[in-house]
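Colleague: Hey, dropping upload.cif in here, mmCIF, C-alpha atoms:
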data_final
#
loop_
_atom_site.label_atom_id
_atom_site.label_comp_id
_atom_site.auth_asym_id
_atom_site.auth_seq_id
_atom_site.Cartn_x
_atom_site.Cartn_y
_atom_site.Cartn_z
CA MET T 15 -18.92 -23.08 0.28
CA MET T 16 -18.88 -22.89 -3.50
CA PHE T 17 -17.14 -26.26 -3.50
CA LEU T 18 -20.16 -27.70 -1.72
CA GLY T 19 -22.43 -26.33 -4.47
CA PHE T 20 -20.32 -27.97 -7.16
CA LEU T 21 -20.36 -31.17 -5.17
CA PHE T 22 -24.17 -31.11 -5.19
CA LEU T 23 -24.17 -30.56 -8.96
CA LEU T 24 -21.78 -33.44 -9.49
CA LEU T 25 -23.92 -35.63 -7.27
CA ALA T 26 -27.03 -34.59 -9.25
CA VAL T 27 -25.40 -35.58 -12.56
CA TRP T 28 -24.29 -38.90 -11.13
CA TYR T 29 -27.76 -39.54 -9.66
CA TRP T 30 -29.42 -38.60 -12.98
CA ILE T 31 -27.25 -41.05 -14.96
CA ARG T 32 -27.72 -43.80 -12.40
CA ASN T 33 -31.56 -43.44 -12.24
CA ARG T 34 -32.44 -42.56 -15.84
CA ASP T 35 -35.32 -44.94 -16.03
CA ARG T 36 -37.08 -44.03 -12.81
CA LYS T 37 -39.18 -40.89 -12.47
CA GLY T 38 -38.33 -40.48 -8.76
CA GLY T 39 -34.61 -40.61 -9.54
CA LYS T 40 -34.91 -37.82 -12.07
CA ILE T 41 -36.81 -35.62 -9.63
CA SER T 42 -34.25 -36.27 -6.89
CA ALA T 43 -31.43 -35.40 -9.29
CA LEU T 44 -33.24 -32.22 -10.27
CA LEU T 45 -33.65 -31.23 -6.61
CA LEU T 46 -29.93 -31.87 -5.96
CA ALA T 47 -29.07 -29.66 -8.94
CA VAL T 48 -31.34 -26.85 -7.65
CA VAL T 49 -29.72 -27.06 -4.20
CA GLY T 50 -26.24 -26.97 -5.75
CA LEU T 51 -27.05 -23.98 -7.96
CA THR T 52 -28.63 -22.16 -5.02
CA ILE T 53 -25.52 -22.65 -2.90
CA ILE T 54 -23.29 -21.47 -5.76
CA GLY T 55 -25.53 -18.46 -6.37
CA PHE T 56 -25.59 -17.33 -2.74
CA THR T 57 -21.85 -17.82 -2.38
CA HIS T 58 -21.16 -15.82 -5.51
CA ALA T 59 -23.60 -13.08 -4.47
CA ASP T 60 -21.89 -12.81 -1.08
CA TYR T 61 -18.50 -12.56 -2.80
CA VAL T 62 -19.77 -9.83 -5.15
CA ASP T 63 -21.28 -7.88 -2.22
CA LYS T 64 -18.00 -8.00 -0.32
CA GLN T 65 -16.08 -6.89 -3.41
CA ARG T 66 -18.48 -3.99 -4.04
CA ALA T 67 -18.22 -2.91 -0.41
CA ALA T 68 -14.44 -2.92 -0.63
CA GLU T 69 -14.52 -0.93 -3.87
CA SER T 70 -16.98 1.62 -2.50
CA SER T 71 -14.92 2.10 0.65
CA SER T 72 -11.76 2.62 -1.40
CA ILE T 73 -13.58 5.06 -3.67
CA ALA T 74 -14.93 6.93 -0.65
CA SER T 75 -11.49 7.13 0.93
CA SER T 76 -9.90 8.32 -2.32
CA LYS T 77 -12.60 10.99 -2.70
CA LYS T 78 -11.99 12.08 0.89
CA ALA T 79 -8.23 12.19 0.32
CA LYS T 80 -8.75 14.12 -2.92
CA SER T 81 -10.98 16.72 -1.26
CA GLU T 82 -8.50 17.04 1.61
CA SER T 83 -5.62 17.50 -0.80
CA ILE T 84 -7.56 20.15 -2.74
CA SER T 85 -8.28 22.10 0.43
CA GLU T 86 -4.70 21.65 1.60
CA SER T 87 -3.28 22.72 -1.76
CA LYS T 88 -5.23 25.99 -1.59
CA SER T 89 -3.79 26.84 1.80
CA GLU T 90 -0.36 25.50 0.87
CA SER T 91 -0.07 27.62 -2.27
CA ARG T 92 -0.18 30.79 -0.16
CA ASP T 93 2.48 29.53 2.22
CA GLN T 94 4.62 27.79 -0.40
CA ALA T 95 6.99 30.69 -0.99
CA MET T 96 7.56 31.10 2.74
CA ASP T 97 7.93 27.35 3.25
CA ASP T 98 10.54 27.07 0.49
CA ALA T 99 12.69 29.76 2.09
CA THR T 100 12.17 28.32 5.58
CA TYR T 101 12.96 24.75 4.51
CA THR T 102 16.01 25.84 2.54
CA ALA T 103 17.37 27.67 5.60
CA LEU T 104 16.52 24.66 7.78
CA ALA T 105 18.36 22.31 5.40
CA LYS T 106 21.50 24.46 5.54
CA ASN T 107 21.29 24.75 9.32
CA LEU T 108 20.82 20.99 9.81
CA THR T 109 23.71 20.19 7.46
CA SER T 110 26.03 22.27 9.62
CA GLN T 111 24.61 20.71 12.83
CA MET T 112 25.09 17.19 11.48
CA ALA T 113 28.76 17.89 10.77
CA SER T 114 29.32 17.93 14.54
CA ASP T 115 27.30 14.73 15.17
CA SER T 116 29.36 11.54 14.94
CA THR T 117 26.40 9.46 13.65
CA LEU T 118 25.23 11.90 10.99
CA ASN T 119 28.56 13.43 9.96
CA GLY T 120 28.90 13.57 6.17
CA PHE T 121 25.20 13.93 5.41
CA LYS T 122 24.17 16.94 3.33
CA ILE T 123 20.57 18.14 3.23
CA ALA T 124 19.12 20.33 0.49
CA TYR T 125 15.54 21.42 -0.13
CA LYS T 126 14.65 21.24 -3.83
CA GLY T 127 11.37 20.86 -5.67
CA GLY T 128 9.23 20.57 -2.56
CA GLN T 129 11.26 17.77 -0.96
CA PHE T 130 14.36 17.29 1.12
CA GLU T 131 17.22 15.66 -0.76
CA VAL T 132 19.76 14.07 1.55
CA THR T 133 23.16 13.09 0.19
CA VAL T 134 24.57 10.23 2.25
CA PRO T 135 28.23 9.40 2.82
CA THR T 136 29.67 6.28 1.19
CA GLU T 137 30.16 4.60 4.60
CA VAL T 138 26.38 4.51 5.09
CA ALA T 139 25.79 2.92 1.69
CA ALA T 140 28.11 0.06 2.76
CA MET T 141 26.03 -0.69 5.89
CA THR T 142 23.46 -3.48 6.18
CA ASP T 143 19.85 -2.73 5.28
CA ASN T 144 18.71 -2.47 8.90
CA GLU T 145 21.59 -0.17 9.81
CA GLN T 146 20.80 2.03 6.80
CA LYS T 147 17.12 2.20 7.75
CA GLU T 148 18.07 3.18 11.30
CA VAL T 149 20.40 5.96 10.13
CA TYR T 150 17.94 7.25 7.52
CA GLY T 151 15.16 7.09 10.12
CA SER T 152 17.22 9.29 12.46
CA VAL T 153 17.59 11.88 9.68
CA ILE T 154 13.82 11.79 9.10
CA ASN T 155 13.20 12.15 12.84
CA LEU T 156 15.59 15.10 12.95
CA LEU T 157 13.69 16.82 10.15
CA GLU T 158 10.32 16.05 11.74
CA SER T 159 11.53 17.40 15.10
CA HIS T 160 11.89 20.76 13.33
CA ASN T 161 8.31 20.50 11.95
CA ALA T 162 9.56 19.89 8.43
CA ASN T 163 6.64 18.14 6.76
CA ALA T 164 8.06 17.45 3.32
CA PRO T 165 9.05 14.21 1.59
CA VAL T 166 12.62 13.03 2.10
CA SER T 167 14.75 11.25 -0.53
CA PHE T 168 18.24 9.89 0.01
CA TYR T 169 20.96 9.89 -2.66
CA ASP T 170 24.49 8.50 -2.80
CA GLN T 171 27.54 10.62 -3.62
CA ASN T 172 26.92 10.09 -7.37
CA GLY T 173 23.34 11.35 -7.18
CA ASN T 174 21.71 7.91 -7.48
CA PRO T 175 18.62 7.36 -5.31
CA VAL T 176 19.24 4.93 -2.45
CA ALA T 177 16.15 5.38 -0.24
CA ARG T 178 13.05 7.46 0.40
CA MET T 179 10.68 8.23 3.21
CA THR T 180 7.42 6.24 3.05
CA LEU T 181 3.99 7.73 3.68
CA SER T 182 3.93 6.11 7.12
CA GLY T 183 7.24 7.77 8.05
CA GLY T 184 9.37 4.68 7.53
CA VAL T 185 12.20 4.14 5.09
CA LYS T 186 12.09 2.33 1.73
CA LEU T 187 15.48 1.24 0.42
CA TYR T 188 16.18 0.98 -3.29
CA LYS T 189 18.16 -2.10 -4.27
#
So, in terms of structure tokens, how does the structure I just supplied come out?
Modeller:
Amino acid sequence: MMFLGFLFLLLAVWYWIRNRDRKGGKISALLLAVVGLTIIGFTHADYVDKQRAAESSSIASSKKAKSESISESKSESRDQAMDDATYTALAKNLTSQMASDSTLNGFKIAYKGGQFEVTVPTEVAAMTDNEQKEVYGSVINLLESHNANAPVSFYDQNGNPVARMTLSGGVKLYK
């Protein structure tokens, strides 16, 4: 739409140059320029309104998320000591359970610093990206099936990060 406004302005300049000597030509060129500027102005105003609406919605959602996190952090601080002990015991229990599972054998889970740290066997690191995501997703599903609501990071045998759980519950690989 803005292109149309610039087209009107260009047409007005051309019409002005072409009809310099006639009064009617100058008035017509002036009207074309006003129409072009009006179109540009309305298009720009619409763009600015959309941008402001997007910014205000993102600000509102961040304020909502911030207030939710503040209220959650108050309740979480009381339960944090219990959660740490529970998650540490769960990590040890799941590590021993995974030793008997053919798919997840070799994985080691530890709970440190408010997140689960999963050490993956070298065979998994050699798999394709989709296979890795599937295996890491099954570990995340296993943790979630035990109501473990903490972030999950995956490390190779040398301690280098290889993947992490995304906010949506998926897997992000590091390459």
Colleague: Do you know which residues are at most 12 Å from Leu18 in chain T counting all atoms listed in the file, after dropping those on the same chain fewer than 2 positions away, and could you put them as a PyMOL selection string?
Modeller: chain T and resi 15-16+20-25+46-47+49-57
Colleague: Could you tell me which of T:Arg66, T:Arg32, T:His160, T:Lys186 comes closest to Leu108 in chain T if we count all atoms listed in the file?
Modeller: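 Comparing T:Arg66, T:Arg32, T:His160, T:Lys186 against Leu108 in chain T, the winner is T:His160.
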Colleague: What does the distance from CA of Asn172 in chain T to CA of Tyr188 in chain T come to in Å, to one decimal?
Modeller: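 We find that CA of Asn172 in chain T and CA of Tyr188 in chain T lie 14.7 Å from each other.
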Colleague: List the residues selected by the PyMOL selection byres ((chain T and resi 140-155) around 8) in the file shown, writing them as a PDB file with C-alpha atoms, keeping the file's coordinate frame.
Modeller:
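expr15.pdb written:
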ATOM      1  CA  THR T 117      26.400   9.460  13.650  1.00  0.00           C
ATOM      2  CA  LEU T 118      25.230  11.900  10.990  1.00  0.00           C
ATOM      3  CA  THR T 136      29.670   6.280   1.190  1.00  0.00           C
ATOM      4  CA  GLU T 137      30.160   4.600   4.600  1.00  0.00           C
ATOM      5  CA  VAL T 138      26.380   4.510   5.090  1.00  0.00           C
ATOM      6  CA  ALA T 139      25.790   2.920   1.690  1.00  0.00           C
ATOM      7  CA  LEU T 156      15.590  15.100  12.950  1.00  0.00           C
ATOM      8  CA  LEU T 157      13.690  16.820  10.150  1.00  0.00           C
ATOM      9  CA  GLU T 158      10.320  16.050  11.740  1.00  0.00           C
ATOM     10  CA  SER T 159      11.530  17.400  15.100  1.00  0.00           C
ATOM     11  CA  VAL T 166      12.620  13.030   2.100  1.00  0.00           C
ATOM     12  CA  PHE T 168      18.240   9.890   0.010  1.00  0.00           C
ATOM     13  CA  MET T 179      10.680   8.230   3.210  1.00  0.00           C
ATOM     14  CA  GLY T 183       7.240   7.770   8.050  1.00  0.00           C
ATOM     15  CA  GLY T 184       9.370   4.680   7.530  1.00  0.00           C
ATOM     16  CA  VAL T 185      12.200   4.140   5.090  1.00  0.00           C
ATOM     17  CA  LYS T 186      12.090   2.330   1.730  1.00  0.00           C
ATOM     18  CA  LEU T 187      15.480   1.240   0.420  1.00  0.00           C
TER      19      LEU T 187
END
Colleague: Select, counting only C-alpha atoms, all protein, DNA and RNA residues no farther than 6 Å from (23.3, 16.5, 5.4) in file coordinates, and express the selection as a list in words.
Modeller: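 Those residues, ordered by chain and then number, are Thr109, Phe121, Lys122, Ile123 and Val132 of chain T.
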Colleague: Can you measure CA of His58 in chain T to CA of Ser42 in chain T for me? One decimal in Å is fine.
Modeller: 24.3 Å
Colleague: As a PyMOL selection string, please: the residues near range 98-102 of chain T (cut-off 9 Å, only C-alpha atoms, same-chain neighbours under 5 positions excluded).
Modeller: chain T and resi 93+107+123-128+130+162+164
Colleague: Can you tell me how far CA of Met112 in chain T sits from CA of Thr180 in chain T, in Å to one decimal?
Modeller: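 Atom-to-atom, CA of Met112 in chain T and CA of Thr180 in chain T are spaced 22.4 Å apart.
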Colleague: Compile the contact shell of Ser167 in chain T as a PDB file with C-alpha atoms, in the frame of the given file: residues with an atom at most 9 Å away, counting only C-alpha atoms, same-chain residues fewer than 4 positions apart removed.
Modeller:
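around-v3.pdb written:
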ATOM      1  CA  GLN T 129      11.260  17.770  -0.960  1.00  0.00           C
ATOM      2  CA  PHE T 130      14.360  17.290   1.120  1.00  0.00           C
ATOM      3  CA  GLU T 131      17.220  15.660  -0.760  1.00  0.00           C
ATOM      4  CA  VAL T 132      19.760  14.070   1.550  1.00  0.00           C
ATOM      5  CA  THR T 133      23.160  13.090   0.190  1.00  0.00           C
ATOM      6  CA  PRO T 175      18.620   7.360  -5.310  1.00  0.00           C
ATOM      7  CA  VAL T 176      19.240   4.930  -2.450  1.00  0.00           C
ATOM      8  CA  ALA T 177      16.150   5.380  -0.240  1.00  0.00           C
ATOM      9  CA  ARG T 178      13.050   7.460   0.400  1.00  0.00           C
ATOM     10  CA  MET T 179      10.680   8.230   3.210  1.00  0.00           C
TER      11      MET T 179
END
